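Data from data.pdb: PDB, N, CA and C atoms
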```pdb
ATOM      1  N   MET A  24     156.029 -24.754  23.849
ATOM      2  CA  MET A  24     157.389 -24.315  23.648
ATOM      3  C   MET A  24     158.284 -25.501  23.333
ATOM      4  N   GLY A  25     159.286 -25.271  22.503
ATOM      5  CA  GLY A  25     160.187 -26.333  22.077
ATOM      6  C   GLY A  25     161.254 -26.645  23.104
ATOM      7  N   ALA A  26     162.174 -27.466  22.696
ATOM      8  CA  ALA A  26     163.223 -27.930  23.586
ATOM      9  C   ALA A  26     164.035 -26.767  24.148
ATOM     10  N   ARG A  27     164.146 -25.692  23.421
ATOM     11  CA  ARG A  27     164.905 -24.530  23.881
ATOM     12  C   ARG A  27     163.992 -23.339  24.130
ATOM     13  N   GLY A  28     162.710 -23.579  24.315
ATOM     14  CA  GLY A  28     161.769 -22.503  24.603
ATOM     15  C   GLY A  28     161.288 -21.746  23.386
ATOM     16  N   ALA A  29     161.520 -22.269  22.184
ATOM     17  CA  ALA A  29     161.110 -21.589  20.961
ATOM     18  C   ALA A  29     159.628 -21.809  20.690
ATOM     19  N   LYS A  30     158.985 -20.784  20.156
ATOM     20  CA  LYS A  30     157.558 -20.848  19.855
ATOM     21  C   LYS A  30     157.330 -21.435  18.466
ATOM     22  N   LEU A  31     156.323 -22.295  18.354
ATOM     23  CA  LEU A  31     155.982 -22.941  17.092
ATOM     24  C   LEU A  31     154.568 -22.552  16.668
ATOM     25  N   SER A  32     154.447 -22.074  15.434
ATOM     26  CA  SER A  32     153.154 -21.890  14.790
ATOM     27  C   SER A  32     153.104 -22.928  13.676
ATOM     28  N   LEU A  33     152.239 -23.929  13.831
ATOM     29  CA  LEU A  33     152.196 -25.048  12.883
ATOM     30  C   LEU A  33     150.805 -25.213  12.310
ATOM     31  N   SER A  34     150.739 -25.282  10.995
ATOM     32  CA  SER A  34     149.504 -25.599  10.282
ATOM     33  C   SER A  34     149.714 -26.949   9.608
ATOM     34  N   VAL A  35     148.765 -27.859   9.776
ATOM     35  CA  VAL A  35     148.863 -29.178   9.156
ATOM     36  C   VAL A  35     147.732 -29.331   8.154
ATOM     37  N   GLN A  36     148.078 -29.742   6.932
ATOM     38  CA  GLN A  36     147.099 -29.951   5.870
ATOM     39  C   GLN A  36     147.175 -31.398   5.398
ATOM     40  N   TYR A  37     146.025 -32.047   5.344
ATOM     41  CA  TYR A  37     145.961 -33.422   4.856
ATOM     42  C   TYR A  37     145.357 -33.426   3.460
ATOM     43  N   ALA A  38     146.138 -33.827   2.456
ATOM     44  CA  ALA A  38     145.674 -33.906   1.072
ATOM     45  C   ALA A  38     145.994 -35.303   0.534
ATOM     46  N   THR A  39     145.722 -36.308   1.355
ATOM     47  CA  THR A  39     145.999 -37.688   0.984
ATOM     48  C   THR A  39     144.971 -38.601   1.632
ATOM     49  N   ALA A  40     144.711 -39.708   0.989
ATOM     50  CA  ALA A  40     143.833 -40.733   1.555
ATOM     51  C   ALA A  40     144.651 -41.861   2.167
ATOM     52  N   GLN A  41     145.971 -41.686   2.216
ATOM     53  CA  GLN A  41     146.865 -42.701   2.782
ATOM     54  C   GLN A  41     146.427 -43.016   4.220
ATOM     55  N   PRO A  42     146.232 -44.293   4.528
ATOM     56  CA  PRO A  42     145.847 -44.638   5.902
ATOM     57  C   PRO A  42     147.033 -44.513   6.861
ATOM     58  N   ASP A  43     146.723 -44.395   8.101
ATOM     59  CA  ASP A  43     147.728 -44.417   9.176
ATOM     60  C   ASP A  43     148.738 -43.274   9.150
ATOM     61  N   VAL A  44     148.344 -42.107   8.647
ATOM     62  CA  VAL A  44     149.240 -40.954   8.768
ATOM     63  C   VAL A  44     149.101 -40.397  10.180
ATOM     64  N   PRO A  45     150.169 -39.831  10.729
ATOM     65  CA  PRO A  45     150.093 -39.308  12.095
ATOM     66  C   PRO A  45     149.048 -38.195  12.235
ATOM     67  N   VAL A  46     148.426 -38.133  13.392
ATOM     68  CA  VAL A  46     147.442 -37.084  13.681
ATOM     69  C   VAL A  46     148.169 -35.777  13.980
ATOM     70  N   ARG A  47     147.430 -34.666  13.922
ATOM     71  CA  ARG A  47     148.012 -33.338  14.120
ATOM     72  C   ARG A  47     148.813 -33.224  15.422
ATOM     73  N   THR A  48     148.260 -33.740  16.509
ATOM     74  CA  THR A  48     148.949 -33.594  17.792
ATOM     75  C   THR A  48     150.303 -34.311  17.779
ATOM     76  N   ARG A  49     150.370 -35.433  17.128
ATOM     77  CA  ARG A  49     151.639 -36.179  17.040
ATOM     78  C   ARG A  49     152.643 -35.429  16.167
ATOM     79  N   LEU A  50     152.174 -34.889  15.034
ATOM     80  CA  LEU A  50     153.051 -34.118  14.157
ATOM     81  C   LEU A  50     153.564 -32.876  14.880
ATOM     82  N   ARG A  51     152.688 -32.218  15.637
ATOM     83  CA  ARG A  51     153.095 -31.042  16.415
ATOM     84  C   ARG A  51     154.178 -31.429  17.429
ATOM     85  N   ALA A  52     153.999 -32.555  18.099
ATOM     86  CA  ALA A  52     154.984 -33.004  19.086
ATOM     87  C   ALA A  52     156.337 -33.268  18.422
ATOM     88  N   PHE A  53     156.329 -33.895  17.248
ATOM     89  CA  PHE A  53     157.579 -34.135  16.512
ATOM     90  C   PHE A  53     158.264 -32.809  16.179
ATOM     91  N   ALA A  54     157.509 -31.869  15.620
ATOM     92  CA  ALA A  54     158.072 -30.580  15.219
ATOM     93  C   ALA A  54     158.582 -29.811  16.429
ATOM     94  N   GLN A  55     157.807 -29.806  17.495
ATOM     95  CA  GLN A  55     158.197 -29.078  18.697
ATOM     96  C   GLN A  55     159.486 -29.635  19.283
ATOM     97  N   ALA A  56     159.646 -30.942  19.245
ATOM     98  CA  ALA A  56     160.845 -31.575  19.793
ATOM     99  C   ALA A  56     162.101 -31.194  19.005
ATOM    100  N   ALA A  57     161.953 -30.923  17.714
ATOM    101  CA  ALA A  57     163.100 -30.597  16.867
ATOM    102  C   ALA A  57     163.388 -29.099  16.812
ATOM    103  N   LEU A  58     162.515 -28.292  17.367
ATOM    104  CA  LEU A  58     162.599 -26.841  17.238
ATOM    105  C   LEU A  58     163.756 -26.246  18.033
ATOM    106  N   GLU A  59     164.515 -25.379  17.373
ATOM    107  CA  GLU A  59     165.620 -24.695  18.037
ATOM    108  C   GLU A  59     165.432 -23.185  18.084
ATOM    109  N   ARG A  60     164.506 -22.669  17.267
ATOM    110  CA  ARG A  60     164.206 -21.236  17.270
ATOM    111  C   ARG A  60     162.756 -21.063  16.860
ATOM    112  N   PRO A  61     162.202 -19.884  17.049
ATOM    113  CA  PRO A  61     160.798 -19.684  16.668
ATOM    114  C   PRO A  61     160.569 -20.085  15.212
ATOM    115  N   ALA A  62     159.403 -20.674  14.949
ATOM    116  CA  ALA A  62     159.122 -21.155  13.589
ATOM    117  C   ALA A  62     157.651 -21.026  13.261
ATOM    118  N   GLN A  63     157.409 -20.742  11.996
ATOM    119  CA  GLN A  63     156.064 -20.732  11.436
ATOM    120  C   GLN A  63     156.107 -21.680  10.244
ATOM    121  N   VAL A  64     155.464 -22.834  10.385
ATOM    122  CA  VAL A  64     155.593 -23.907   9.405
ATOM    123  C   VAL A  64     154.228 -24.423   8.987
ATOM    124  N   THR A  65     154.090 -24.687   7.696
ATOM    125  CA  THR A  65     152.942 -25.426   7.180
ATOM    126  C   THR A  65     153.454 -26.795   6.775
ATOM    127  N   LEU A  66     152.820 -27.820   7.306
ATOM    128  CA  LEU A  66     153.147 -29.205   7.003
ATOM    129  C   LEU A  66     152.003 -29.765   6.182
ATOM    130  N   ARG A  67     152.294 -30.210   4.953
ATOM    131  CA  ARG A  67     151.249 -30.714   4.061
ATOM    132  C   ARG A  67     151.569 -32.155   3.690
ATOM    133  N   LEU A  68     150.640 -33.049   3.985
ATOM    134  CA  LEU A  68     150.770 -34.457   3.608
ATOM    135  C   LEU A  68     149.975 -34.668   2.330
ATOM    136  N   VAL A  69     150.647 -35.178   1.289
ATOM    137  CA  VAL A  69     150.033 -35.268  -0.034
ATOM    138  C   VAL A  69     150.046 -36.698  -0.553
ATOM    139  N   ASP A  70     149.302 -36.901  -1.660
ATOM    140  CA  ASP A  70     149.285 -38.190  -2.344
ATOM    141  C   ASP A  70     150.385 -38.203  -3.414
ATOM    142  N   GLU A  71     150.514 -39.317  -4.124
ATOM    143  CA  GLU A  71     151.576 -39.437  -5.131
ATOM    144  C   GLU A  71     151.440 -38.429  -6.270
ATOM    145  N   ALA A  72     150.221 -38.156  -6.717
ATOM    146  CA  ALA A  72     150.035 -37.235  -7.842
ATOM    147  C   ALA A  72     150.520 -35.829  -7.499
ATOM    148  N   GLU A  73     150.148 -35.342  -6.335
ATOM    149  CA  GLU A  73     150.593 -33.999  -5.947
ATOM    150  C   GLU A  73     152.093 -33.983  -5.663
ATOM    151  N   GLY A  74     152.594 -35.027  -5.017
ATOM    152  CA  GLY A  74     154.027 -35.116  -4.751
ATOM    153  C   GLY A  74     154.833 -35.112  -6.036
ATOM    154  N   ARG A  75     154.356 -35.824  -7.024
ATOM    155  CA  ARG A  75     155.037 -35.875  -8.329
ATOM    156  C   ARG A  75     154.996 -34.515  -9.020
ATOM    157  N   ARG A  76     153.816 -33.886  -9.010
ATOM    158  CA  ARG A  76     153.665 -32.582  -9.661
ATOM    159  C   ARG A  76     154.587 -31.538  -9.025
ATOM    160  N   LEU A  77     154.612 -31.484  -7.704
ATOM    161  CA  LEU A  77     155.460 -30.505  -7.026
ATOM    162  C   LEU A  77     156.938 -30.786  -7.276
ATOM    163  N   ASN A  78     157.333 -32.039  -7.235
ATOM    164  CA  ASN A  78     158.724 -32.398  -7.486
ATOM    165  C   ASN A  78     159.128 -32.037  -8.918
ATOM    166  N   ARG A  79     158.233 -32.269  -9.869
ATOM    167  CA  ARG A  79     158.493 -31.920 -11.272
ATOM    168  C   ARG A  79     158.578 -30.403 -11.442
ATOM    169  N   ASP A  80     157.598 -29.687 -10.867
ATOM    170  CA  ASP A  80     157.544 -28.239 -11.066
ATOM    171  C   ASP A  80     158.695 -27.495 -10.381
ATOM    172  N   PHE A  81     159.109 -27.953  -9.201
ATOM    173  CA  PHE A  81     160.108 -27.210  -8.444
ATOM    174  C   PHE A  81     161.515 -27.788  -8.514
ATOM    175  N   ARG A  82     161.643 -29.067  -8.854
ATOM    176  CA  ARG A  82     162.970 -29.685  -8.900
ATOM    177  C   ARG A  82     163.307 -30.274 -10.259
ATOM    178  N   GLY A  83     162.336 -30.304 -11.184
ATOM    179  CA  GLY A  83     162.585 -30.849 -12.516
ATOM    180  C   GLY A  83     162.716 -32.355 -12.539
ATOM    181  N   LYS A  84     162.193 -33.039 -11.514
ATOM    182  CA  LYS A  84     162.278 -34.502 -11.433
ATOM    183  C   LYS A  84     160.861 -35.066 -11.472
ATOM    184  N   ASP A  85     160.578 -35.895 -12.470
ATOM    185  CA  ASP A  85     159.214 -36.353 -12.737
ATOM    186  C   ASP A  85     158.871 -37.651 -11.995
ATOM    187  N   TYR A  86     158.910 -37.587 -10.683
ATOM    188  CA  TYR A  86     158.485 -38.708  -9.831
ATOM    189  C   TYR A  86     158.162 -38.141  -8.449
ATOM    190  N   PRO A  87     157.320 -38.824  -7.694
ATOM    191  CA  PRO A  87     157.028 -38.347  -6.339
ATOM    192  C   PRO A  87     158.241 -38.600  -5.438
ATOM    193  N   THR A  88     158.510 -37.680  -4.559
ATOM    194  CA  THR A  88     159.612 -37.829  -3.610
ATOM    195  C   THR A  88     159.063 -37.797  -2.190
ATOM    196  N   ASN A  89     159.845 -38.211  -1.233
ATOM    197  CA  ASN A  89     159.336 -38.310   0.133
ATOM    198  C   ASN A  89     159.086 -36.955   0.780
ATOM    199  N   VAL A  90     159.993 -35.996   0.601
ATOM    200  CA  VAL A  90     159.837 -34.694   1.258
ATOM    201  C   VAL A  90     160.344 -33.569   0.363
ATOM    202  N   LEU A  91     159.621 -32.469   0.390
ATOM    203  CA  LEU A  91     160.035 -31.231  -0.265
ATOM    204  C   LEU A  91     159.949 -30.127   0.783
ATOM    205  N   THR A  92     160.922 -29.231   0.787
ATOM    206  CA  THR A  92     160.882 -28.111   1.722
ATOM    207  C   THR A  92     160.977 -26.799   0.959
ATOM    208  N   PHE A  93     160.271 -25.826   1.458
ATOM    209  CA  PHE A  93     160.256 -24.490   0.881
ATOM    210  C   PHE A  93     160.457 -23.512   2.034
ATOM    211  N   ALA A  94     161.651 -22.939   2.144
ATOM    212  CA  ALA A  94     161.971 -22.015   3.232
ATOM    213  C   ALA A  94     161.820 -20.581   2.747
ATOM    214  N   TYR A  95     161.380 -19.721   3.668
ATOM    215  CA  TYR A  95     161.198 -18.306   3.385
ATOM    216  C   TYR A  95     162.140 -17.527   4.291
ATOM    217  N   ALA A  96     162.850 -16.562   3.733
ATOM    218  CA  ALA A  96     163.845 -15.809   4.483
ATOM    219  C   ALA A  96     163.196 -14.992   5.597
ATOM    220  N   ASP A  97     163.775 -15.099   6.765
ATOM    221  CA  ASP A  97     163.357 -14.317   7.928
ATOM    222  C   ASP A  97     164.471 -14.454   8.959
ATOM    223  N   ASP A  98     164.990 -13.349   9.411
ATOM    224  CA  ASP A  98     166.125 -13.387  10.328
ATOM    225  C   ASP A  98     165.769 -13.928  11.713
ATOM    226  N   ALA A  99     164.617 -13.569  12.226
ATOM    227  CA  ALA A  99     164.278 -13.912  13.603
ATOM    228  C   ALA A  99     163.588 -15.260  13.741
ATOM    229  N   GLN A 100     162.923 -15.696  12.704
ATOM    230  CA  GLN A 100     162.083 -16.885  12.816
ATOM    231  C   GLN A 100     162.212 -17.738  11.561
ATOM    232  N   LEU A 101     162.218 -19.033  11.748
ATOM    233  CA  LEU A 101     162.191 -19.965  10.636
ATOM    234  C   LEU A 101     160.781 -19.962  10.065
ATOM    235  N   ALA A 102     160.656 -19.837   8.759
ATOM    236  CA  ALA A 102     159.346 -19.849   8.129
ATOM    237  C   ALA A 102     159.425 -20.670   6.849
ATOM    238  N   GLY A 103     158.454 -21.568   6.665
ATOM    239  CA  GLY A 103     158.465 -22.351   5.449
ATOM    240  C   GLY A 103     157.385 -23.407   5.410
ATOM    241  N   ASP A 104     157.403 -24.137   4.307
ATOM    242  CA  ASP A 104     156.454 -25.218   4.072
ATOM    243  C   ASP A 104     157.228 -26.524   3.936
ATOM    244  N   ILE A 105     156.659 -27.585   4.466
ATOM    245  CA  ILE A 105     157.221 -28.923   4.313
ATOM    246  C   ILE A 105     156.127 -29.792   3.708
ATOM    247  N   VAL A 106     156.433 -30.423   2.586
ATOM    248  CA  VAL A 106     155.477 -31.308   1.912
ATOM    249  C   VAL A 106     155.982 -32.738   2.065
ATOM    250  N   LEU A 107     155.146 -33.593   2.630
ATOM    251  CA  LEU A 107     155.471 -35.012   2.803
ATOM    252  C   LEU A 107     154.555 -35.837   1.916
ATOM    253  N   CYS A 108     155.130 -36.692   1.095
ATOM    254  CA  CYS A 108     154.337 -37.572   0.240
ATOM    255  C   CYS A 108     154.088 -38.863   1.014
ATOM    256  N   ALA A 109     152.901 -38.978   1.581
ATOM    257  CA  ALA A 109     152.576 -40.083   2.482
ATOM    258  C   ALA A 109     152.781 -41.470   1.870
ATOM    259  N   PRO A 110     152.339 -41.727   0.631
ATOM    260  CA  PRO A 110     152.554 -43.063   0.066
ATOM    261  C   PRO A 110     154.035 -43.405  -0.116
ATOM    262  N   VAL A 111     154.860 -42.436  -0.458
ATOM    263  CA  VAL A 111     156.291 -42.691  -0.633
ATOM    264  C   VAL A 111     156.936 -42.974   0.717
ATOM    265  N   ILE A 112     156.567 -42.231   1.713
ATOM    266  CA  ILE A 112     157.116 -42.435   3.054
ATOM    267  C   ILE A 112     156.704 -43.798   3.596
ATOM    268  N   ALA A 113     155.436 -44.159   3.369
ATOM    269  CA  ALA A 113     154.936 -45.448   3.859
ATOM    270  C   ALA A 113     155.679 -46.585   3.204
TER
END
```
As structure tokens, what does this structure read like?
Amino acid sequence: MGARGAKLSLSVQYATAQPDVPVRTRLRAFAQAALERPAQVTLRLVDEAEGRRLNRDFRGKDYPTNVLTFAYADDAQLAGDIVLCAPVIA
């Protein structure tokens, strides 16, 4: 349960060879600490090529960016995807 008792459903996907990315348990702890309401989130860590492609396809910007978010409407629960470009963040 989060800081306010909210439930978290978290899926973590690793699609990068970047060294020293946080492990699932650490990412879960970060997300849980920030949670204010129930959430269903997919967290995907990607390499520069995927980060660039997603940024180009969804934002029209042809370079990798540090984070992209995709939220899905739901009144009771936060639902969405968060894409982190590990090499850019590093």
So which bits of chain A end up alpha helix (DSSP H) when you DSSP the backbone, as a PyMOL selection string?
-> chain A and resi 47-57+71-82+109-112
Of A:Leu101, A:Val111, A:Leu58, A:Ala94, the one nearest to A:Gln41 when counting only C-alpha atoms is A:Val111
For stretch 87-100 of chain A, what centre and edge lengths in Å (one decimal) does the axis-aligned box get once 5 Å is added on each side of all its listed atoms, as JSON?
```
{"center_x": 161.6, "center_y": -26.1, "center_z": 3.0, "size_x": 19.1, "size_y": 35.5, "size_z": 31.4}
```
Going by DSSP on the backbone, which residues of chain A come out as strand (DSSP E or B)? List them as a PDB file with N, CA and C atoms, in the coordinates of the input.
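Now in selection.pdb:
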```pdb
ATOM      1  N   LEU A  31     156.323 -22.295  18.354  1.00  0.00           N
ATOM      2  CA  LEU A  31     155.982 -22.941  17.092  1.00  0.00           C
ATOM      3  C   LEU A  31     154.568 -22.552  16.668  1.00  0.00           C
ATOM      4  N   SER A  32     154.447 -22.074  15.434  1.00  0.00           N
ATOM      5  CA  SER A  32     153.154 -21.890  14.790  1.00  0.00           C
ATOM      6  C   SER A  32     153.104 -22.928  13.676  1.00  0.00           C
ATOM      7  N   LEU A  33     152.239 -23.929  13.831  1.00  0.00           N
ATOM      8  CA  LEU A  33     152.196 -25.048  12.883  1.00  0.00           C
ATOM      9  C   LEU A  33     150.805 -25.213  12.310  1.00  0.00           C
ATOM     10  N   SER A  34     150.739 -25.282  10.995  1.00  0.00           N
ATOM     11  CA  SER A  34     149.504 -25.599  10.282  1.00  0.00           C
ATOM     12  C   SER A  34     149.714 -26.949   9.608  1.00  0.00           C
ATOM     13  N   VAL A  35     148.765 -27.859   9.776  1.00  0.00           N
ATOM     14  CA  VAL A  35     148.863 -29.178   9.156  1.00  0.00           C
ATOM     15  C   VAL A  35     147.732 -29.331   8.154  1.00  0.00           C
ATOM     16  N   GLN A  36     148.078 -29.742   6.932  1.00  0.00           N
ATOM     17  CA  GLN A  36     147.099 -29.951   5.870  1.00  0.00           C
ATOM     18  C   GLN A  36     147.175 -31.398   5.398  1.00  0.00           C
ATOM     19  N   TYR A  37     146.025 -32.047   5.344  1.00  0.00           N
ATOM     20  CA  TYR A  37     145.961 -33.422   4.856  1.00  0.00           C
ATOM     21  C   TYR A  37     145.357 -33.426   3.460  1.00  0.00           C
ATOM     22  N   ALA A  38     146.138 -33.827   2.456  1.00  0.00           N
ATOM     23  CA  ALA A  38     145.674 -33.906   1.072  1.00  0.00           C
ATOM     24  C   ALA A  38     145.994 -35.303   0.534  1.00  0.00           C
ATOM     25  N   ALA A  62     159.403 -20.674  14.949  1.00  0.00           N
ATOM     26  CA  ALA A  62     159.122 -21.155  13.589  1.00  0.00           C
ATOM     27  C   ALA A  62     157.651 -21.026  13.261  1.00  0.00           C
ATOM     28  N   GLN A  63     157.409 -20.742  11.996  1.00  0.00           N
ATOM     29  CA  GLN A  63     156.064 -20.732  11.436  1.00  0.00           C
ATOM     30  C   GLN A  63     156.107 -21.680  10.244  1.00  0.00           C
ATOM     31  N   VAL A  64     155.464 -22.834  10.385  1.00  0.00           N
ATOM     32  CA  VAL A  64     155.593 -23.907   9.405  1.00  0.00           C
ATOM     33  C   VAL A  64     154.228 -24.423   8.987  1.00  0.00           C
ATOM     34  N   THR A  65     154.090 -24.687   7.696  1.00  0.00           N
ATOM     35  CA  THR A  65     152.942 -25.426   7.180  1.00  0.00           C
ATOM     36  C   THR A  65     153.454 -26.795   6.775  1.00  0.00           C
ATOM     37  N   LEU A  66     152.820 -27.820   7.306  1.00  0.00           N
ATOM     38  CA  LEU A  66     153.147 -29.205   7.003  1.00  0.00           C
ATOM     39  C   LEU A  66     152.003 -29.765   6.182  1.00  0.00           C
ATOM     40  N   ARG A  67     152.294 -30.210   4.953  1.00  0.00           N
ATOM     41  CA  ARG A  67     151.249 -30.714   4.061  1.00  0.00           C
ATOM     42  C   ARG A  67     151.569 -32.155   3.690  1.00  0.00           C
ATOM     43  N   LEU A  68     150.640 -33.049   3.985  1.00  0.00           N
ATOM     44  CA  LEU A  68     150.770 -34.457   3.608  1.00  0.00           C
ATOM     45  C   LEU A  68     149.975 -34.668   2.330  1.00  0.00           C
ATOM     46  N   VAL A  69     150.647 -35.178   1.289  1.00  0.00           N
ATOM     47  CA  VAL A  69     150.033 -35.268  -0.034  1.00  0.00           C
ATOM     48  C   VAL A  69     150.046 -36.698  -0.553  1.00  0.00           C
ATOM     49  N   VAL A  90     159.993 -35.996   0.601  1.00  0.00           N
ATOM     50  CA  VAL A  90     159.837 -34.694   1.258  1.00  0.00           C
ATOM     51  C   VAL A  90     160.344 -33.569   0.363  1.00  0.00           C
ATOM     52  N   LEU A  91     159.621 -32.469   0.390  1.00  0.00           N
ATOM     53  CA  LEU A  91     160.035 -31.231  -0.265  1.00  0.00           C
ATOM     54  C   LEU A  91     159.949 -30.127   0.783  1.00  0.00           C
ATOM     55  N   THR A  92     160.922 -29.231   0.787  1.00  0.00           N
ATOM     56  CA  THR A  92     160.882 -28.111   1.722  1.00  0.00           C
ATOM     57  C   THR A  92     160.977 -26.799   0.959  1.00  0.00           C
ATOM     58  N   PHE A  93     160.271 -25.826   1.458  1.00  0.00           N
ATOM     59  CA  PHE A  93     160.256 -24.490   0.881  1.00  0.00           C
ATOM     60  C   PHE A  93     160.457 -23.512   2.034  1.00  0.00           C
ATOM     61  N   ALA A  94     161.651 -22.939   2.144  1.00  0.00           N
ATOM     62  CA  ALA A  94     161.971 -22.015   3.232  1.00  0.00           C
ATOM     63  C   ALA A  94     161.820 -20.581   2.747  1.00  0.00           C
ATOM     64  N   TYR A  95     161.380 -19.721   3.668  1.00  0.00           N
ATOM     65  CA  TYR A  95     161.198 -18.306   3.385  1.00  0.00           C
ATOM     66  C   TYR A  95     162.140 -17.527   4.291  1.00  0.00           C
ATOM     67  N   LEU A 101     162.218 -19.033  11.748  1.00  0.00           N
ATOM     68  CA  LEU A 101     162.191 -19.965  10.636  1.00  0.00           C
ATOM     69  C   LEU A 101     160.781 -19.962  10.065  1.00  0.00           C
ATOM     70  N   ALA A 102     160.656 -19.837   8.759  1.00  0.00           N
ATOM     71  CA  ALA A 102     159.346 -19.849   8.129  1.00  0.00           C
ATOM     72  C   ALA A 102     159.425 -20.670   6.849  1.00  0.00           C
ATOM     73  N   GLY A 103     158.454 -21.568   6.665  1.00  0.00           N
ATOM     74  CA  GLY A 103     158.465 -22.351   5.449  1.00  0.00           C
ATOM     75  C   GLY A 103     157.385 -23.407   5.410  1.00  0.00           C
ATOM     76  N   ASP A 104     157.403 -24.137   4.307  1.00  0.00           N
ATOM     77  CA  ASP A 104     156.454 -25.218   4.072  1.00  0.00           C
ATOM     78  C   ASP A 104     157.228 -26.524   3.936  1.00  0.00           C
ATOM     79  N   ILE A 105     156.659 -27.585   4.466  1.00  0.00           N
ATOM     80  CA  ILE A 105     157.221 -28.923   4.313  1.00  0.00           C
ATOM     81  C   ILE A 105     156.127 -29.792   3.708  1.00  0.00           C
ATOM     82  N   VAL A 106     156.433 -30.423   2.586  1.00  0.00           N
ATOM     83  CA  VAL A 106     155.477 -31.308   1.912  1.00  0.00           C
ATOM     84  C   VAL A 106     155.982 -32.738   2.065  1.00  0.00           C
ATOM     85  N   LEU A 107     155.146 -33.593   2.630  1.00  0.00           N
ATOM     86  CA  LEU A 107     155.471 -35.012   2.803  1.00  0.00           C
ATOM     87  C   LEU A 107     154.555 -35.837   1.916  1.00  0.00           C
ATOM     88  N   CYS A 108     155.130 -36.692   1.095  1.00  0.00           N
ATOM     89  CA  CYS A 108     154.337 -37.572   0.240  1.00  0.00           C
ATOM     90  C   CYS A 108     154.088 -38.863   1.014  1.00  0.00           C
TER      91      CYS A 108
END
```
Can you tell me which residues surround A:Val69 at a distance of at most 6.5 Å, considering all atoms listed in the file, apart from same-chain residues fewer than 4 positions away, and format the answer as a PDB file with N, CA and C atoms, in the frame of the given file?
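Output file part_28.pdb is given in full below:
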```pdb
ATOM      1  N   TYR A  37     146.025 -32.047   5.344  1.00  0.00           N
ATOM      2  CA  TYR A  37     145.961 -33.422   4.856  1.00  0.00           C
ATOM      3  C   TYR A  37     145.357 -33.426   3.460  1.00  0.00           C
ATOM      4  N   ALA A  38     146.138 -33.827   2.456  1.00  0.00           N
ATOM      5  CA  ALA A  38     145.674 -33.906   1.072  1.00  0.00           C
ATOM      6  C   ALA A  38     145.994 -35.303   0.534  1.00  0.00           C
ATOM      7  N   THR A  39     145.722 -36.308   1.355  1.00  0.00           N
ATOM      8  CA  THR A  39     145.999 -37.688   0.984  1.00  0.00           C
ATOM      9  C   THR A  39     144.971 -38.601   1.632  1.00  0.00           C
ATOM     10  N   ALA A  40     144.711 -39.708   0.989  1.00  0.00           N
ATOM     11  CA  ALA A  40     143.833 -40.733   1.555  1.00  0.00           C
ATOM     12  C   ALA A  40     144.651 -41.861   2.167  1.00  0.00           C
ATOM     13  N   GLU A  73     150.148 -35.342  -6.335  1.00  0.00           N
ATOM     14  CA  GLU A  73     150.593 -33.999  -5.947  1.00  0.00           C
ATOM     15  C   GLU A  73     152.093 -33.983  -5.663  1.00  0.00           C
ATOM     16  N   GLY A  74     152.594 -35.027  -5.017  1.00  0.00           N
ATOM     17  CA  GLY A  74     154.027 -35.116  -4.751  1.00  0.00           C
ATOM     18  C   GLY A  74     154.833 -35.112  -6.036  1.00  0.00           C
ATOM     19  N   VAL A 106     156.433 -30.423   2.586  1.00  0.00           N
ATOM     20  CA  VAL A 106     155.477 -31.308   1.912  1.00  0.00           C
ATOM     21  C   VAL A 106     155.982 -32.738   2.065  1.00  0.00           C
ATOM     22  N   LEU A 107     155.146 -33.593   2.630  1.00  0.00           N
ATOM     23  CA  LEU A 107     155.471 -35.012   2.803  1.00  0.00           C
ATOM     24  C   LEU A 107     154.555 -35.837   1.916  1.00  0.00           C
ATOM     25  N   CYS A 108     155.130 -36.692   1.095  1.00  0.00           N
ATOM     26  CA  CYS A 108     154.337 -37.572   0.240  1.00  0.00           C
ATOM     27  C   CYS A 108     154.088 -38.863   1.014  1.00  0.00           C
ATOM     28  N   ALA A 109     152.901 -38.978   1.581  1.00  0.00           N
ATOM     29  CA  ALA A 109     152.576 -40.083   2.482  1.00  0.00           C
ATOM     30  C   ALA A 109     152.781 -41.470   1.870  1.00  0.00           C
ATOM     31  N   PRO A 110     152.339 -41.727   0.631  1.00  0.00           N
ATOM     32  CA  PRO A 110     152.554 -43.063   0.066  1.00  0.00           C
ATOM     33  C   PRO A 110     154.035 -43.405  -0.116  1.00  0.00           C
TER      34      PRO A 110
END
```
Step by step: start from the point (155.5, -19.0, 11.2) in the file's coordinates, keep every protein, DNA or RNA residue that has an atom no farther than 8 Å from it, count all atoms listed in the file, and write the set as a short mmCIF file (atom, residue, chain, number, x, y, z; two decimals) with N, CA and C atoms, in the coordinates of the input.
```cif
data_model
loop_
_atom_site.label_atom_id
_atom_site.label_comp_id
_atom_site.auth_asym_id
_atom_site.auth_seq_id
_atom_site.Cartn_x
_atom_site.Cartn_y
_atom_site.Cartn_z
N LYS A 30 158.99 -20.78 20.16
CA LYS A 30 157.56 -20.85 19.86
C LYS A 30 157.33 -21.44 18.47
N LEU A 31 156.32 -22.30 18.35
CA LEU A 31 155.98 -22.94 17.09
C LEU A 31 154.57 -22.55 16.67
N SER A 32 154.45 -22.07 15.43
CA SER A 32 153.15 -21.89 14.79
C SER A 32 153.10 -22.93 13.68
N LEU A 33 152.24 -23.93 13.83
CA LEU A 33 152.20 -25.05 12.88
C LEU A 33 150.80 -25.21 12.31
N SER A 34 150.74 -25.28 11.00
CA SER A 34 149.50 -25.60 10.28
C SER A 34 149.71 -26.95 9.61
N PRO A 61 162.20 -19.88 17.05
CA PRO A 61 160.80 -19.68 16.67
C PRO A 61 160.57 -20.08 15.21
N ALA A 62 159.40 -20.67 14.95
CA ALA A 62 159.12 -21.16 13.59
C ALA A 62 157.65 -21.03 13.26
N GLN A 63 157.41 -20.74 12.00
CA GLN A 63 156.06 -20.73 11.44
C GLN A 63 156.11 -21.68 10.24
N VAL A 64 155.46 -22.83 10.38
CA VAL A 64 155.59 -23.91 9.40
C VAL A 64 154.23 -24.42 8.99
N THR A 65 154.09 -24.69 7.70
CA THR A 65 152.94 -25.43 7.18
C THR A 65 153.45 -26.80 6.78
N GLN A 100 162.92 -15.70 12.70
CA GLN A 100 162.08 -16.89 12.82
C GLN A 100 162.21 -17.74 11.56
N LEU A 101 162.22 -19.03 11.75
CA LEU A 101 162.19 -19.96 10.64
C LEU A 101 160.78 -19.96 10.06
N ALA A 102 160.66 -19.84 8.76
CA ALA A 102 159.35 -19.85 8.13
C ALA A 102 159.43 -20.67 6.85
N GLY A 103 158.45 -21.57 6.66
CA GLY A 103 158.46 -22.35 5.45
C GLY A 103 157.38 -23.41 5.41
#
```
